[in-house]
>>> print(open('upload-v2.txt').read())   # compact mmCIF, C-alpha atoms
# COMPACT_ATOMS: atom_id res chain seq x y z
CA MET A 1 -33.66 10.30 19.11
CA LEU A 2 -32.95 8.54 15.82
CA ARG A 3 -29.39 7.84 16.88
CA ARG A 4 -30.63 6.41 20.18
CA ALA A 5 -33.04 4.10 18.34
CA MET A 6 -30.31 2.89 15.98
CA ILE A 7 -27.99 2.20 18.86
CA ALA A 8 -30.71 0.25 20.66
CA ALA A 9 -31.33 -1.83 17.53
CA ALA A 10 -27.67 -2.64 16.97
CA PHE A 11 -27.06 -3.42 20.59
CA ALA A 12 -30.09 -5.69 20.62
CA ALA A 13 -28.40 -7.56 17.77
CA ALA A 14 -25.26 -7.65 19.84
CA ALA A 15 -27.14 -9.27 22.68
CA LEU A 16 -28.19 -12.05 20.30
CA THR A 17 -24.55 -12.90 19.74
CA GLY A 18 -23.85 -12.98 23.45
CA LEU A 19 -22.06 -9.67 23.37
CA ALA A 20 -23.43 -7.03 25.69
CA VAL A 21 -22.35 -3.53 24.80
CA GLN A 22 -23.25 -0.22 26.30
CA ALA A 23 -23.59 3.37 25.22
CA GLY A 24 -24.90 6.58 26.67
CA ASP A 25 -28.20 8.07 25.55
CA GLU A 26 -26.47 10.39 23.13
CA GLY A 27 -24.51 7.59 21.48
CA PRO A 28 -20.77 7.23 21.15
CA SER A 29 -18.55 10.10 20.08
CA ASP A 30 -16.08 9.70 17.22
CA LEU A 31 -13.27 9.10 19.69
CA GLU A 32 -15.31 6.46 21.51
CA ILE A 33 -16.24 4.82 18.20
CA ALA A 34 -12.56 4.80 17.25
CA HIS A 35 -11.71 3.09 20.52
CA ILE A 36 -14.48 0.50 20.16
CA ALA A 37 -13.58 -0.23 16.53
CA TYR A 38 -9.87 -0.50 17.33
CA THR A 39 -10.64 -2.77 20.27
CA ALA A 40 -12.88 -4.95 18.13
CA GLY A 41 -10.04 -5.33 15.62
CA GLU A 42 -7.55 -6.22 18.33
CA ILE A 43 -9.94 -8.81 19.70
CA ASP A 44 -10.20 -10.51 16.34
CA ILE A 45 -6.42 -10.44 15.97
CA ARG A 46 -6.13 -12.23 19.30
CA TYR A 47 -8.67 -14.85 18.23
CA ALA A 48 -6.57 -15.34 15.10
CA HIS A 49 -3.35 -15.82 17.05
CA LEU A 50 -5.13 -18.41 19.14
CA ALA A 51 -6.19 -20.19 15.96
CA LEU A 52 -2.63 -20.19 14.65
CA ALA A 53 -1.47 -21.68 17.93
CA LEU A 54 -4.11 -24.40 18.12
CA SER A 55 -5.19 -25.34 14.60
CA ASP A 56 -3.54 -27.42 11.91
CA ASN A 57 -6.39 -26.88 9.46
CA PRO A 58 -5.01 -24.95 6.44
CA ALA A 59 -8.33 -23.18 5.81
CA VAL A 60 -8.54 -22.05 9.43
CA ARG A 61 -4.92 -20.92 9.46
CA GLY A 62 -5.32 -19.05 6.19
CA PHE A 63 -8.39 -17.27 7.49
CA ALA A 64 -6.61 -16.38 10.73
CA GLU A 65 -3.63 -14.97 8.85
CA THR A 66 -5.97 -12.81 6.77
CA MET A 67 -7.67 -11.53 9.93
CA ILE A 68 -4.30 -10.52 11.38
CA ARG A 69 -3.21 -8.78 8.17
CA ASP A 70 -6.46 -6.93 7.52
CA HIS A 71 -7.38 -5.90 11.05
CA SER A 72 -3.82 -4.75 11.70
CA ALA A 73 -3.92 -2.66 8.52
CA VAL A 74 -7.28 -1.08 9.35
CA ASN A 75 -6.20 -0.36 12.93
CA ASP A 76 -2.94 1.17 11.70
CA ALA A 77 -4.93 3.37 9.32
CA ALA A 78 -7.19 4.45 12.19
CA LEU A 79 -4.20 5.32 14.36
CA GLY A 80 -2.70 7.25 11.46
CA LEU A 81 -5.88 9.27 11.08
CA LEU A 82 -6.06 9.96 14.80
CA ASP A 83 -2.44 11.14 14.75
CA LYS A 84 -3.18 13.39 11.79
CA LEU A 85 -6.15 14.87 13.64
CA GLY A 86 -4.15 15.22 16.84
CA ALA A 87 -6.73 13.11 18.65
CA LYS A 88 -6.66 10.06 20.88
CA ALA A 89 -9.25 7.28 21.02
CA ARG A 90 -11.31 7.40 24.21
CA ASP A 91 -11.75 4.34 26.39
CA ASN A 92 -15.36 3.61 27.29
CA PRO A 93 -17.59 0.97 28.91
CA THR A 94 -18.40 -0.68 25.58
CA SER A 95 -14.72 -1.31 24.81
CA ARG A 96 -14.19 -2.74 28.26
CA SER A 97 -17.26 -4.95 27.94
CA LEU A 98 -16.05 -6.25 24.58
CA LEU A 99 -12.66 -7.09 26.05
CA LYS A 100 -14.17 -8.90 29.03
CA GLN A 101 -16.45 -11.02 26.87
CA ALA A 102 -13.68 -11.75 24.39
CA ALA A 103 -11.47 -13.02 27.21
CA GLU A 104 -14.27 -15.38 28.22
CA LYS A 105 -14.68 -16.58 24.63
CA ARG A 106 -10.94 -17.14 24.27
CA ALA A 107 -10.99 -19.24 27.43
CA GLU A 108 -13.79 -21.34 25.92
CA LEU A 109 -11.89 -21.78 22.68
CA LYS A 110 -8.63 -22.64 24.42
CA ALA A 111 -10.31 -25.61 26.08
CA LEU A 112 -10.98 -27.14 22.65
CA SER A 113 -8.71 -28.85 20.15
CA GLY A 114 -8.74 -30.37 16.67
CA ALA A 115 -11.95 -30.27 14.67
CA ALA A 116 -13.95 -29.04 17.67
CA PHE A 117 -11.72 -25.99 17.96
CA ASP A 118 -11.83 -25.32 14.21
CA ARG A 119 -15.61 -25.45 14.17
CA ALA A 120 -15.99 -23.25 17.25
CA TYR A 121 -13.45 -20.72 15.93
CA ALA A 122 -15.24 -20.51 12.56
CA GLU A 123 -18.64 -20.11 14.16
CA ASN A 124 -17.36 -17.45 16.51
CA GLU A 125 -15.75 -15.55 13.63
CA LEU A 126 -19.01 -15.58 11.72
CA ALA A 127 -21.05 -14.37 14.70
CA TYR A 128 -18.44 -11.78 15.62
CA HIS A 129 -18.28 -10.30 12.12
CA GLN A 130 -22.06 -10.26 11.85
CA PHE A 131 -22.19 -8.31 15.11
CA VAL A 132 -19.37 -5.91 14.25
CA ASN A 133 -20.69 -5.26 10.74
CA LYS A 134 -24.20 -4.52 11.94
CA THR A 135 -22.86 -2.15 14.58
CA VAL A 136 -20.50 -0.36 12.19
CA GLU A 137 -23.16 -0.02 9.49
CA GLU A 138 -26.16 0.91 11.62
CA VAL A 139 -24.55 2.81 14.49
CA PHE A 140 -20.98 3.90 13.93
CA ILE A 141 -21.13 5.22 10.38
CA PRO A 142 -24.37 7.18 10.90
CA ALA A 143 -23.05 8.52 14.22
CA ALA A 144 -19.57 9.52 13.02
CA ASP A 145 -19.10 13.26 12.55
CA ASN A 146 -15.66 13.49 10.96
CA GLU A 147 -15.93 12.78 7.22
CA GLU A 148 -12.49 11.15 6.91
CA PHE A 149 -13.27 8.90 9.84
CA LYS A 150 -16.66 8.05 8.35
CA ALA A 151 -14.94 7.13 5.07
CA LEU A 152 -12.44 4.90 6.89
CA LEU A 153 -15.31 3.15 8.66
CA GLY A 154 -16.92 2.61 5.25
CA THR A 155 -13.73 1.02 3.92
CA ALA A 156 -13.43 -1.10 7.03
CA LEU A 157 -17.05 -2.23 6.73
CA LYS A 158 -16.52 -3.37 3.15
CA THR A 159 -13.50 -5.36 4.29
CA PHE A 160 -15.32 -6.89 7.24
CA LYS A 161 -18.26 -7.92 5.06
CA ILE A 162 -15.80 -9.86 2.89
CA HIS A 163 -14.49 -11.44 6.10
CA GLN A 164 -18.05 -12.35 7.05
CA ALA A 165 -18.57 -14.10 3.70
CA HIS A 166 -15.22 -15.83 4.14
CA ALA A 167 -16.26 -16.90 7.66
CA GLU A 168 -19.50 -18.35 6.29
CA ARG A 169 -17.46 -20.56 3.97
CA LEU A 170 -15.14 -21.49 6.81
CA VAL A 171 -18.11 -22.61 8.90
CA GLU A 172 -19.15 -24.91 6.04
CA GLN A 173 -15.61 -26.22 5.65
CA THR A 174 -15.23 -27.04 9.34
CA ARG A 175 -18.60 -28.78 9.83
CA MET B 1 8.21 9.36 -2.55
CA ARG B 2 6.26 6.14 -2.80
CA ARG B 3 3.10 8.07 -1.96
CA ALA B 4 3.85 10.57 -4.72
CA LEU B 5 4.50 7.76 -7.16
CA TYR B 6 1.31 6.07 -6.09
CA GLY B 7 -0.67 9.25 -6.62
CA LEU B 8 0.72 9.50 -10.11
CA VAL B 9 -0.11 5.91 -10.89
CA ALA B 10 -3.54 6.05 -9.28
CA GLY B 11 -4.39 9.00 -11.47
CA LEU B 12 -3.92 6.75 -14.44
CA ALA B 13 -6.39 4.16 -13.14
CA TYR B 14 -8.50 2.45 -15.75
CA ALA B 15 -6.26 3.91 -18.44
CA SER B 16 -4.20 2.10 -20.98
CA VAL B 17 -0.98 4.00 -21.42
CA PRO B 18 0.61 3.76 -24.86
CA GLN B 19 4.30 2.92 -24.78
CA THR B 20 6.87 2.91 -27.55
CA GLY B 21 5.94 0.51 -30.31
CA GLU B 22 2.70 -1.36 -29.93
CA ALA B 23 2.94 -2.49 -26.33
CA GLU B 24 0.73 -0.78 -23.76
CA THR B 25 0.62 -0.62 -19.98
CA HIS B 26 -2.71 -1.31 -18.29
CA ILE B 27 -3.38 -0.21 -14.72
CA ILE B 28 -5.56 -2.27 -12.37
CA GLU B 29 -6.38 -0.82 -8.97
CA MET B 30 -6.97 -2.95 -5.89
CA ARG B 31 -9.56 -0.88 -4.10
CA GLY B 32 -12.39 -1.76 -1.73
CA LEU B 33 -11.38 -5.42 -2.01
CA GLU B 34 -11.99 -5.42 -5.75
CA PHE B 35 -9.80 -5.41 -8.83
CA ILE B 36 -10.82 -2.36 -10.86
CA PRO B 37 -11.42 -3.06 -13.66
CA ALA B 38 -12.09 -6.71 -12.90
CA GLU B 39 -11.73 -7.69 -16.57
CA ILE B 40 -9.44 -6.19 -19.19
CA ASP B 41 -8.45 -6.94 -22.79
CA VAL B 42 -4.75 -6.76 -23.59
CA ALA B 43 -2.38 -7.77 -26.35
CA VAL B 44 0.45 -10.22 -25.87
CA GLY B 45 3.49 -8.12 -25.01
CA ASP B 46 1.49 -5.54 -23.03
CA THR B 47 2.26 -4.85 -19.40
CA VAL B 48 -0.35 -5.03 -16.64
CA THR B 49 0.40 -3.07 -13.47
CA TRP B 50 -1.54 -3.64 -10.26
CA VAL B 51 -1.66 -0.81 -7.69
CA ASN B 52 -2.84 -1.49 -4.15
CA ALA B 53 -5.07 1.44 -3.21
CA ASP B 54 -6.46 -0.32 -0.12
CA VAL B 55 -5.13 -0.07 3.41
CA MET B 56 -4.69 -3.84 3.68
CA PRO B 57 -2.30 -6.12 1.77
CA HIS B 58 -3.37 -7.95 -1.37
CA THR B 59 -1.88 -10.19 -4.03
CA ALA B 60 -2.46 -10.70 -7.73
CA THR B 61 -2.08 -14.46 -8.10
CA ALA B 62 -2.76 -16.53 -11.21
CA SER B 63 -5.43 -19.13 -10.56
CA ASP B 64 -3.22 -21.73 -12.24
CA GLY B 65 -0.25 -20.70 -10.06
CA SER B 66 1.89 -19.56 -13.00
CA TRP B 67 2.57 -16.09 -11.57
CA ASP B 68 2.20 -14.31 -8.25
CA SER B 69 2.83 -10.76 -7.13
CA GLY B 70 3.56 -11.82 -3.57
CA THR B 71 2.28 -9.61 -0.76
CA MET B 72 1.53 -6.07 -1.92
CA GLU B 73 1.25 -3.62 0.95
CA ALA B 74 -0.84 -0.43 0.73
CA GLY B 75 0.56 1.76 -2.04
CA ASP B 76 2.68 -0.98 -3.61
CA GLU B 77 2.57 -1.74 -7.30
CA TRP B 78 3.58 -4.81 -9.31
CA SER B 79 3.80 -5.40 -13.04
CA LEU B 80 3.55 -8.39 -15.33
CA VAL B 81 4.35 -8.63 -19.03
CA ILE B 82 1.70 -10.75 -20.72
CA GLU B 83 3.43 -13.44 -22.76
CA THR B 84 0.66 -15.87 -23.73
CA GLU B 85 -2.77 -15.65 -25.31
CA GLY B 86 -5.94 -16.65 -23.51
CA ALA B 87 -8.06 -15.80 -20.50
CA LEU B 88 -5.83 -15.41 -17.46
CA ASP B 89 -7.88 -15.80 -14.29
CA TYR B 90 -6.38 -14.46 -11.11
CA VAL B 91 -7.33 -13.86 -7.48
CA CYS B 92 -6.12 -12.17 -4.34
CA ALA B 93 -4.65 -15.04 -2.32
CA PHE B 94 -5.79 -13.33 0.90
CA HIS B 95 -9.33 -12.50 -0.20
CA PRO B 96 -10.87 -15.30 -2.28
CA THR B 97 -13.84 -13.16 -3.35
CA MET B 98 -11.44 -10.77 -5.08
CA THR B 99 -11.12 -12.08 -8.64
CA GLY B 100 -10.14 -10.75 -12.05
CA VAL B 101 -9.47 -11.86 -15.59
CA ILE B 102 -7.07 -10.69 -18.28
CA ASN B 103 -8.11 -11.51 -21.83
CA ALA B 104 -4.88 -11.66 -23.84
CA ARG B 105 -4.97 -11.70 -27.64
>>> encode(input="upload-v2.txt", output="structure tokens")
Amino acid sequence: MLRRAMIAAAFAAAALTGLAVQAGDEGPSDLEIAHIAYTAGEIDIRYAHLALALSDNPAVRGFAETMIRDHSAVNDAALGLLDKLGAKARDNPTSRSLLKQAAEKRAELKALSGAAFDRAYAENELAYHQFVNKTVEEVFIPAADNEEFKALLGTALKTFKIHQAHAERLVEQTR
Amino acid sequence: MRRALYGLVAGLAYASVPQTGEAETHIIEMRGLEFIPAEIDVAVGDTVTWVNADVMPHTATASDGSWDSGTMEAGDEWSLVIETEGALDYVCAFHPTMTGVINAR
């Protein structure tokens, strides 16, 4: 029951950011969490590649390069842990929903250029990290069963909170 | 091999390791997007070694641009011999909130 309430709270926060995610009554399993977290990282990497393709702003490009480096490293670590455990991340409706909405957001961003793109990219990064961090902290970490996986999520959360602070500064810089 | 070396070095975290003569080696870990310890006191001639214990890359980069580790991947280490007195501020070039200072006397 507690897990269900936490999931409802985090997903309500997700709705505020325009991201609709789904989960069963019992909450996501470790393998589903792994898939969602990996997918969320890949999505941010794709946003970053878009920024590198469209922006000349050094602050935006620097931020995007950091997103690629860090999310790739965290995702590689997650894959390494899954390999070690002999497990495979499980696709689920939440991952698919995230991908669909990210494709829509990328299409929005692609239509912009110059300062308008930089501002929209920064604002999206801030909102996206706020959403991901809340979900990881309030849903994924409490729900994770495997201790090594829980620890990796904790490391990832610390990293993503730094990204969130960095994104807040980027929003200011691109206003 | 690198992992074994890292384990050895990580075990020495926070320690100052006496070397021959008066020079010492000081270990700073990059862990959880922090330099640990974030501030250390060293003597001119000492060596400072940074060890990346995170999964993501970091750098140790002088704020005045006078030295730079370059990209340090997970498990990498990089050393610097301290040659001048003063407070040496440095950052991770990838993570601006990651800062440290070396007080050299």
>>> residues_around(input="upload-v2.txt", residues="Ala89 (chain A)", least_positions_apart="4", cutoff="7 Å", atoms="only C-alpha atoms", output="list in words")
Leu31, Glu32, Ala34 and His35 of chain A
>>> closest_atom_pairs(input="upload-v2.txt", of="chain A", to="chain B", cutoff="9 Å", atoms="all atoms listed in the file", output="CSV")
residue,atom,partner,partner_atom,distance
A:Gly62,CA,B:Phe94,CA,7.8
A:Phe63,CA,B:Phe94,CA,8.1
A:Glu65,CA,B:Phe94,CA,8.4
A:Thr66,CA,B:Phe94,CA,5.9
A:Arg69,CA,B:Met56,CA,6.8
A:Asp70,CA,B:Met56,CA,5.2
A:His71,CA,B:Met56,CA,8.1
A:Ser72,CA,B:Met56,CA,8.1
A:Ala73,CA,B:Met56,CA,5.0
A:Val74,CA,B:Val55,CA,6.4
A:Asp76,CA,B:Val55,CA,8.7
A:Ala77,CA,B:Val55,CA,6.8
A:Thr155,CA,B:Gly32,CA,6.4
A:Ala156,CA,B:Gly32,CA,8.8
A:Lys158,CA,B:Gly32,CA,6.6
A:Thr159,CA,B:Leu33,CA,6.6
A:Ile162,CA,B:Thr97,CA,7.3
A:His163,CA,B:His95,CA,8.2
A:Ala165,CA,B:Thr97,CA,8.5
A:His166,CA,B:Pro96,CA,7.8
>>> atom_distance(input="upload-v2.txt", atom1="CA of Arg46 (chain A)", atom2="CA of Arg61 (chain A)")
13.2 Å
>>> atom_distance(input="upload-v2.txt", atom1="CA of Ala37 (chain A)", atom2="CA of Val136 (chain A)")
8.2 Å
>>> atom_distance(input="upload-v2.txt", atom1="CA of Asn133 (chain A)", atom2="CA of Arg169 (chain A)")
17.0 Å
>>> closest_residue(input="upload-v2.txt", among="B:Val81, B:Ile27, B:Cys92, B:Met72", to="Trp50 (chain B)", atoms="all atoms listed in the file")
B:Ile27
>>> residues_around(input="upload-v2.txt", residues="region 57-60 of chain A", least_positions_apart="5", cutoff="8 Å", atoms="only C-alpha atoms", output="list in words")
Ala51, Asp118, Ala122, Leu170 and Gln173 of chain A
>>> write_last_selection(input="upload-v2.txt", atoms="C-alpha atoms", output="mmCIF file, keeping the file's coordinate frame")
data_model
loop_
_atom_site.group_PDB
_atom_site.id
_atom_site.type_symbol
_atom_site.label_atom_id
_atom_site.label_comp_id
_atom_site.auth_asym_id
_atom_site.auth_seq_id
_atom_site.Cartn_x
_atom_site.Cartn_y
_atom_site.Cartn_z
ATOM 1 C CA ALA A 51 -6.190 -20.190 15.960
ATOM 2 C CA ASP A 118 -11.830 -25.320 14.210
ATOM 3 C CA ALA A 122 -15.240 -20.510 12.560
ATOM 4 C CA LEU A 170 -15.140 -21.490 6.810
ATOM 5 C CA GLN A 173 -15.610 -26.220 5.650
#
>>> residues_around(input="upload-v2.txt", residues="Val51 (chain B)", least_positions_apart="5", cutoff="7 Å", atoms="all atoms listed in the file", output="ChimeraX atom specification")
/B:28-30,75-78
>>> closest_residue(input="upload-v2.txt", among="B:Asp46, B:Glu24, B:Asp68, B:Asp41", to="Gly86 (chain B)", atoms="all atoms listed in the file")
B:Asp41
>>> residues_around(input="upload-v2.txt", residues="Glu148 (chain A)", least_positions_apart="2", cutoff="12 Å", atoms="only C-alpha atoms", output="ChimeraX atom specification")
/A:30,77-78,80-82,84-85,141,144-146,150-155
>>> closest_residue(input="upload-v2.txt", among="B:Ile82, B:Val48, B:Ala53, B:Ala87", to="Glu34 (chain B)", atoms="all atoms listed in the file")
B:Ala53
